[in-house]
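> One structure follows; several queries about it will come next.
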Amino acid sequence: MKTEGRNAVFELLKTGKNIEKIMLEKEPQGSLKSIFAEARKRNIKVQFVDRRTLDKTSEEGRHQGVIAFSSDFVYSSLDEIISAREENRGFVVLCDGIEDVHNLGSIIRVAECAGADGVVIPSNNSASVTDAVIRISAGAVNHIRVAKVNSINRAVDRLKQENYWVYALEADGTDIYKSDFSGNVALVVGGEDCGVKRLTREKCDFIVSIPLKGKVNSLNASVALGISAYEVVRKRND
């Protein structure tokens, strides 16, 4: 698996995960020098190449002078995410059909920054953790558990058995700013086109909405998750 971009590679180095080699632009400057120094500390092979070689190797041409090669991403289990919670303060994000890698990368980044215990994605009809997702998450994927499950609905059932309150983010729910968010919380964010699926929505304890004041009637999935996740954080800190 390739990790591209300065922030993403630097975050990968912090984790201690197995890195096979790092491809680095010749005569590194600035943060690239810091990446080289950290790689030397860990005895990671560094290959100095010209920008043309990096451009050819890069998936999207956004390598910023560095590409790291590591073993394939290792997913966590839902039970591992549940076990990571603080007592009665669990926080999980479930993605119900997020197919765009940019949205998934941004959601993972927001979840990690907001202190969530993990992100859950379905194995079908969903973006997975790819090189692009790692880059878009700015390396956050290396610091948070991501579980891939066969069924989001069964994941919701499991979380409810573990005393989580499950909230679906939809357009026709209760004002999110009037929600309690005490105890263990799971936020479900739906796909870009159809939102949270009907059966998943029916399984949730609450439907919550972000008030919109403009003429556009919806928010990008990752933006909606960002607002909602930090409302959970705010309520818990009150």
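Ligands are numbered from 1 in the order shown, chains are lettered A, B, ... in the order of the structure tokens, and residues start at 1 in each chain.
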Using DSSP on the backbone coordinates, identify all residues within chain A classified as alpha helix (DSSP H); present the result as JSON, numbers by chain.

{"A": [6, 7, 8, 9, 10, 11, 12, 13, 14, 15, 31, 32, 33, 34, 35, 36, 37, 38, 39, 40, 41, 51, 52, 53, 54, 55, 56, 57, 78, 79, 80, 81, 82, 83, 101, 102, 103, 104, 105, 106, 107, 108, 109, 110, 111, 112, 113, 131, 132, 133, 134, 135, 136, 152, 153, 154, 155, 156, 157, 158, 159, 160, 161, 198, 199, 200, 201, 202, 203, 221, 222, 223, 224, 225, 226, 227, 228, 229, 230, 231, 232, 233, 234, 235, 236, 237]}

> Would you mind listing what lies within 7 Å of region 165-179 of chain A as a ChimeraX atom specification, with only C-alpha atoms counted and same-chain residues fewer than 4 positions away left out?

/A:160,184-189,195-196,201,204-211

> What does the file look like for those residues with N, CA and C atoms, as a short mmCIF file (atom, residue, chain, number, x, y, z; two decimals), in the first residue's frame?


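Now in again21.cif:
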```
data_model
loop_
_atom_site.label_atom_id
_atom_site.label_comp_id
_atom_site.auth_asym_id
_atom_site.auth_seq_id
_atom_site.Cartn_x
_atom_site.Cartn_y
_atom_site.Cartn_z
N LYS A 160 -26.16 -1.39 20.04
CA LYS A 160 -27.29 -1.21 20.96
C LYS A 160 -27.24 -2.22 22.10
N ASN A 184 -22.97 6.35 25.77
CA ASN A 184 -22.27 5.88 24.58
C ASN A 184 -23.03 6.31 23.33
N VAL A 185 -22.32 6.88 22.37
CA VAL A 185 -22.96 7.47 21.19
C VAL A 185 -22.40 6.86 19.92
N ALA A 186 -23.30 6.53 18.99
CA ALA A 186 -22.92 6.12 17.64
C ALA A 186 -23.64 7.02 16.65
N LEU A 187 -22.87 7.65 15.77
CA LEU A 187 -23.44 8.51 14.73
C LEU A 187 -23.41 7.76 13.40
N VAL A 188 -24.54 7.74 12.71
CA VAL A 188 -24.62 7.09 11.40
C VAL A 188 -24.75 8.17 10.33
N VAL A 189 -23.79 8.21 9.42
CA VAL A 189 -23.85 9.16 8.31
C VAL A 189 -24.08 8.39 7.03
N GLY A 195 -28.55 9.04 1.44
CA GLY A 195 -28.59 9.19 2.89
C GLY A 195 -28.57 7.86 3.61
N VAL A 196 -29.00 7.86 4.85
CA VAL A 196 -29.05 6.62 5.64
C VAL A 196 -30.16 5.73 5.08
N ARG A 201 -32.07 3.30 9.22
CA ARG A 201 -32.74 4.42 9.89
C ARG A 201 -33.75 3.92 10.92
N CYS A 204 -32.20 2.85 14.20
CA CYS A 204 -31.58 3.89 15.04
C CYS A 204 -32.53 4.36 16.14
N ASP A 205 -31.96 4.82 17.24
CA ASP A 205 -32.78 5.32 18.35
C ASP A 205 -33.32 6.71 18.06
N PHE A 206 -32.53 7.52 17.36
CA PHE A 206 -32.91 8.91 17.10
C PHE A 206 -32.54 9.29 15.67
N ILE A 207 -33.32 10.21 15.10
CA ILE A 207 -32.99 10.85 13.83
C ILE A 207 -32.71 12.31 14.16
N VAL A 208 -31.53 12.79 13.80
CA VAL A 208 -31.17 14.17 14.14
C VAL A 208 -30.75 14.92 12.87
N SER A 209 -31.00 16.23 12.89
CA SER A 209 -30.73 17.06 11.72
C SER A 209 -29.98 18.32 12.12
N ILE A 210 -29.18 18.81 11.20
CA ILE A 210 -28.49 20.08 11.36
C ILE A 210 -29.35 21.17 10.72
N PRO A 211 -29.74 22.20 11.46
CA PRO A 211 -30.57 23.26 10.87
C PRO A 211 -29.83 23.95 9.73
#
```

> Would you write out, as a Markdown table, a table of all residues in region 81-169 of chain A that have an atom no more than 10 Å from an atom of region 48-72 of chain A, listing for each the closest atom pair and the distance in Å to one decimal, considering only C-alpha atoms and ordering rows by chain and rising residue number?


```
| residue | atom | partner | partner_atom | distance |
| --- | --- | --- | --- | --- |
| A:Val129 | CA | A:Asp72 | CA | 9.5 |
| A:Thr130 | CA | A:Asp72 | CA | 9.0 |
| A:Asp131 | CA | A:Glu59 | CA | 7.8 |
| A:Ala132 | CA | A:Glu59 | CA | 7.6 |
| A:Arg135 | CA | A:Arg62 | CA | 8.7 |
```

> Rounded to one decimal place, report the CA of Glu86 (chain A)-CA of Gly139 (chain A) distance in Å.

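Taking CA of Glu86 (chain A) as the start and CA of Gly139 (chain A) as the end point, the length is 23.7 Å.
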
> Once DSSP has gone over the backbone, tell me which residues of region 95-218 of chain A are in strand (DSSP E), as a PyMOL selection string.

chain A and resi 95-96+118-122+145-149+164-175+184-190+206-209

> Go ahead and save the picked residues with N, CA and C atoms, as a CSV table (one decimal), in the first residue's frame.


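Produced file again-v9.csv, reproduced below:
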```csv
chain,number,residue,atom,x,y,z
A,95,CYS,N,-20.5,4.5,8.7
A,95,CYS,CA,-20.7,5.1,7.4
A,95,CYS,C,-21.6,4.1,6.6
A,96,ASP,N,-22.8,4.6,6.3
A,96,ASP,CA,-23.8,3.8,5.6
A,96,ASP,C,-23.8,4.0,4.1
A,118,GLY,N,-13.6,4.8,16.9
A,118,GLY,CA,-13.4,4.1,15.6
A,118,GLY,C,-14.5,4.5,14.6
A,119,VAL,N,-14.2,4.0,13.4
A,119,VAL,CA,-15.1,4.3,12.3
A,119,VAL,C,-15.5,2.9,11.7
A,120,VAL,N,-16.7,2.7,11.4
A,120,VAL,CA,-17.2,1.4,10.8
A,120,VAL,C,-17.7,1.6,9.4
A,121,ILE,N,-17.3,0.8,8.5
A,121,ILE,CA,-17.7,0.8,7.1
A,121,ILE,C,-18.2,-0.5,6.7
A,122,PRO,N,-19.1,-0.6,5.7
A,122,PRO,CA,-19.6,-1.9,5.2
A,122,PRO,C,-18.6,-2.5,4.2
A,145,ARG,N,-9.1,3.3,14.8
A,145,ARG,CA,-9.5,2.0,14.4
A,145,ARG,C,-10.6,2.1,13.3
A,146,VAL,N,-10.4,1.4,12.2
A,146,VAL,CA,-11.4,1.3,11.2
A,146,VAL,C,-11.9,-0.2,11.0
A,147,ALA,N,-13.2,-0.4,11.2
A,147,ALA,CA,-13.7,-1.8,11.1
A,147,ALA,C,-14.5,-1.9,9.8
A,148,LYS,N,-14.3,-3.0,9.1
A,148,LYS,CA,-15.1,-3.3,7.9
A,148,LYS,C,-16.0,-4.5,8.3
A,149,VAL,N,-17.3,-4.2,8.2
A,149,VAL,CA,-18.3,-5.2,8.6
A,149,VAL,C,-19.2,-5.7,7.5
A,164,TYR,N,-25.1,1.5,23.5
A,164,TYR,CA,-24.9,2.7,22.7
A,164,TYR,C,-26.3,3.3,22.3
A,165,TRP,N,-26.4,4.6,22.3
A,165,TRP,CA,-27.5,5.3,21.7
A,165,TRP,C,-27.1,5.6,20.2
A,166,VAL,N,-27.9,5.2,19.3
A,166,VAL,CA,-27.5,5.3,17.9
A,166,VAL,C,-28.3,6.5,17.2
A,167,TYR,N,-27.6,7.4,16.6
A,167,TYR,CA,-28.2,8.6,16.0
A,167,TYR,C,-28.0,8.6,14.5
A,168,ALA,N,-29.0,8.7,13.7
A,168,ALA,CA,-28.9,8.8,12.2
A,168,ALA,C,-28.9,10.3,11.9
A,169,LEU,N,-28.0,10.7,11.0
A,169,LEU,CA,-27.9,12.1,10.6
A,169,LEU,C,-28.8,12.2,9.3
A,170,GLU,N,-29.9,12.8,9.4
A,170,GLU,CA,-30.8,12.9,8.3
A,170,GLU,C,-31.5,14.3,8.2
A,171,ALA,N,-32.2,14.6,7.1
A,171,ALA,CA,-32.7,16.0,6.9
A,171,ALA,C,-34.0,16.3,7.7
A,172,ASP,N,-34.7,15.2,8.1
A,172,ASP,CA,-36.0,15.4,8.7
A,172,ASP,C,-36.1,15.0,10.2
A,173,GLY,N,-35.0,15.1,10.9
A,173,GLY,CA,-35.0,14.7,12.3
A,173,GLY,C,-35.1,15.9,13.3
A,174,THR,N,-34.9,15.5,14.5
A,174,THR,CA,-34.9,16.5,15.6
A,174,THR,C,-33.7,17.4,15.5
A,175,ASP,N,-33.8,18.6,15.8
A,175,ASP,CA,-32.7,19.6,15.8
A,175,ASP,C,-31.5,19.0,16.6
A,184,ASN,N,-23.0,6.4,25.8
A,184,ASN,CA,-22.3,5.9,24.6
A,184,ASN,C,-23.0,6.3,23.3
A,185,VAL,N,-22.3,6.9,22.4
A,185,VAL,CA,-23.0,7.5,21.2
A,185,VAL,C,-22.4,6.9,19.9
A,186,ALA,N,-23.3,6.5,19.0
A,186,ALA,CA,-22.9,6.1,17.6
A,186,ALA,C,-23.6,7.0,16.7
A,187,LEU,N,-22.9,7.6,15.8
A,187,LEU,CA,-23.4,8.5,14.7
A,187,LEU,C,-23.4,7.8,13.4
A,188,VAL,N,-24.5,7.7,12.7
A,188,VAL,CA,-24.6,7.1,11.4
A,188,VAL,C,-24.7,8.2,10.3
A,189,VAL,N,-23.8,8.2,9.4
A,189,VAL,CA,-23.8,9.2,8.3
A,189,VAL,C,-24.1,8.4,7.0
A,190,GLY,N,-25.0,8.9,6.2
A,190,GLY,CA,-25.4,8.1,5.0
A,190,GLY,C,-24.7,8.5,3.8
A,206,PHE,N,-32.5,7.5,17.4
A,206,PHE,CA,-32.9,8.9,17.1
A,206,PHE,C,-32.5,9.3,15.7
A,207,ILE,N,-33.3,10.2,15.1
A,207,ILE,CA,-33.0,10.8,13.8
A,207,ILE,C,-32.7,12.3,14.2
A,208,VAL,N,-31.5,12.8,13.8
A,208,VAL,CA,-31.2,14.2,14.1
A,208,VAL,C,-30.8,14.9,12.9
A,209,SER,N,-31.0,16.2,12.9
A,209,SER,CA,-30.7,17.1,11.7
A,209,SER,C,-30.0,18.3,12.1
```

> Between CA of Leu24 (chain A) and CA of Gln47 (chain A), what is the distance in Å, rounded to a tenth?

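So the answer is 6.0 Å.
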
> Write out as a PyMOL selection string each polymer residue whose atoms come within 10 Å of Ser31 (chain A), counting only C-alpha atoms; drop sequence neighbours fewer than 3 positions from it.

chain A and resi 6-7+10+28+34-37

> Neighbouring residues of Ser83 (chain A) were defined as those with any atom within 12 Å, considering only C-alpha atoms; residues of the same chain fewer than 4 positions away were excluded. Please report them as a list in words.

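Once the nearby chain positions are removed, what remains is Ser76, Ser77, Leu78, Asp79, Glu87, Asn88, Arg89, Gly90, Phe91, Val92, Asp117, Gly118, Arg145, Leu159 and Glu162 of chain A.
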
> Could the residues in this selection be saved with N, CA, C and O atoms as a CSV table (one decimal), in the first residue's frame?


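Generated file (again_9.csv):
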```csv
chain,number,residue,atom,x,y,z
A,76,SER,N,-9.6,-3.2,12.0
A,76,SER,CA,-9.9,-3.6,13.3
A,76,SER,C,-11.3,-4.3,13.2
A,76,SER,O,-12.0,-4.3,12.2
A,77,SER,N,-11.7,-4.9,14.3
A,77,SER,CA,-13.0,-5.5,14.5
A,77,SER,C,-13.9,-4.5,15.2
A,77,SER,O,-13.4,-3.6,15.9
A,78,LEU,N,-15.2,-4.7,15.1
A,78,LEU,CA,-16.1,-3.9,15.8
A,78,LEU,C,-15.9,-4.0,17.3
A,78,LEU,O,-16.0,-3.1,18.1
A,79,ASP,N,-15.7,-5.3,17.7
A,79,ASP,CA,-15.4,-5.5,19.2
A,79,ASP,C,-14.2,-4.8,19.7
A,79,ASP,O,-14.2,-4.3,20.8
A,87,GLU,N,-15.5,4.3,30.0
A,87,GLU,CA,-16.8,3.9,30.6
A,87,GLU,C,-17.9,4.9,30.3
A,87,GLU,O,-17.8,6.1,30.6
A,88,ASN,N,-18.9,4.4,29.6
A,88,ASN,CA,-20.1,5.2,29.3
A,88,ASN,C,-19.8,6.5,28.5
A,88,ASN,O,-20.6,7.4,28.5
A,89,ARG,N,-18.7,6.4,27.8
A,89,ARG,CA,-18.4,7.6,26.9
A,89,ARG,C,-17.9,7.1,25.5
A,89,ARG,O,-17.0,7.7,24.9
A,90,GLY,N,-18.4,5.9,25.1
A,90,GLY,CA,-18.0,5.4,23.8
A,90,GLY,C,-18.5,6.3,22.7
A,90,GLY,O,-19.5,7.0,22.8
A,91,PHE,N,-17.7,6.4,21.6
A,91,PHE,CA,-18.1,7.2,20.5
A,91,PHE,C,-17.7,6.5,19.2
A,91,PHE,O,-16.5,6.3,19.0
A,92,VAL,N,-18.6,6.2,18.4
A,92,VAL,CA,-18.4,5.4,17.2
A,92,VAL,C,-19.1,6.1,16.0
A,92,VAL,O,-20.2,6.7,16.1
A,117,ASP,N,-13.7,6.5,19.0
A,117,ASP,CA,-13.0,5.3,19.2
A,117,ASP,C,-12.8,4.5,17.9
A,117,ASP,O,-11.9,3.7,17.8
A,118,GLY,N,-13.6,4.8,16.9
A,118,GLY,CA,-13.4,4.1,15.6
A,118,GLY,C,-14.5,4.5,14.6
A,118,GLY,O,-15.5,5.1,14.9
A,145,ARG,N,-9.1,3.3,14.8
A,145,ARG,CA,-9.5,2.0,14.4
A,145,ARG,C,-10.6,2.1,13.3
A,145,ARG,O,-11.5,2.9,13.5
A,159,LEU,N,-24.1,-2.6,18.7
A,159,LEU,CA,-23.8,-1.4,19.5
A,159,LEU,C,-24.9,-1.2,20.5
A,159,LEU,O,-24.7,-0.8,21.6
A,162,GLU,N,-24.6,-3.2,23.4
A,162,GLU,CA,-23.5,-2.7,24.3
A,162,GLU,C,-23.9,-1.3,24.9
A,162,GLU,O,-23.0,-0.6,25.3
```

> Select, from A:Ala114, A:Phe73, A:Gly97, A:Ile136, the residue with the minimum atom-to-atom distance to Cys194 (chain A), counting only C-alpha atoms.

A:Gly97

> What's the separation between CA of Gly226 (chain A) and CA of Val141 (chain A), in Å to one decimal place?

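The value is 15.8 Å.
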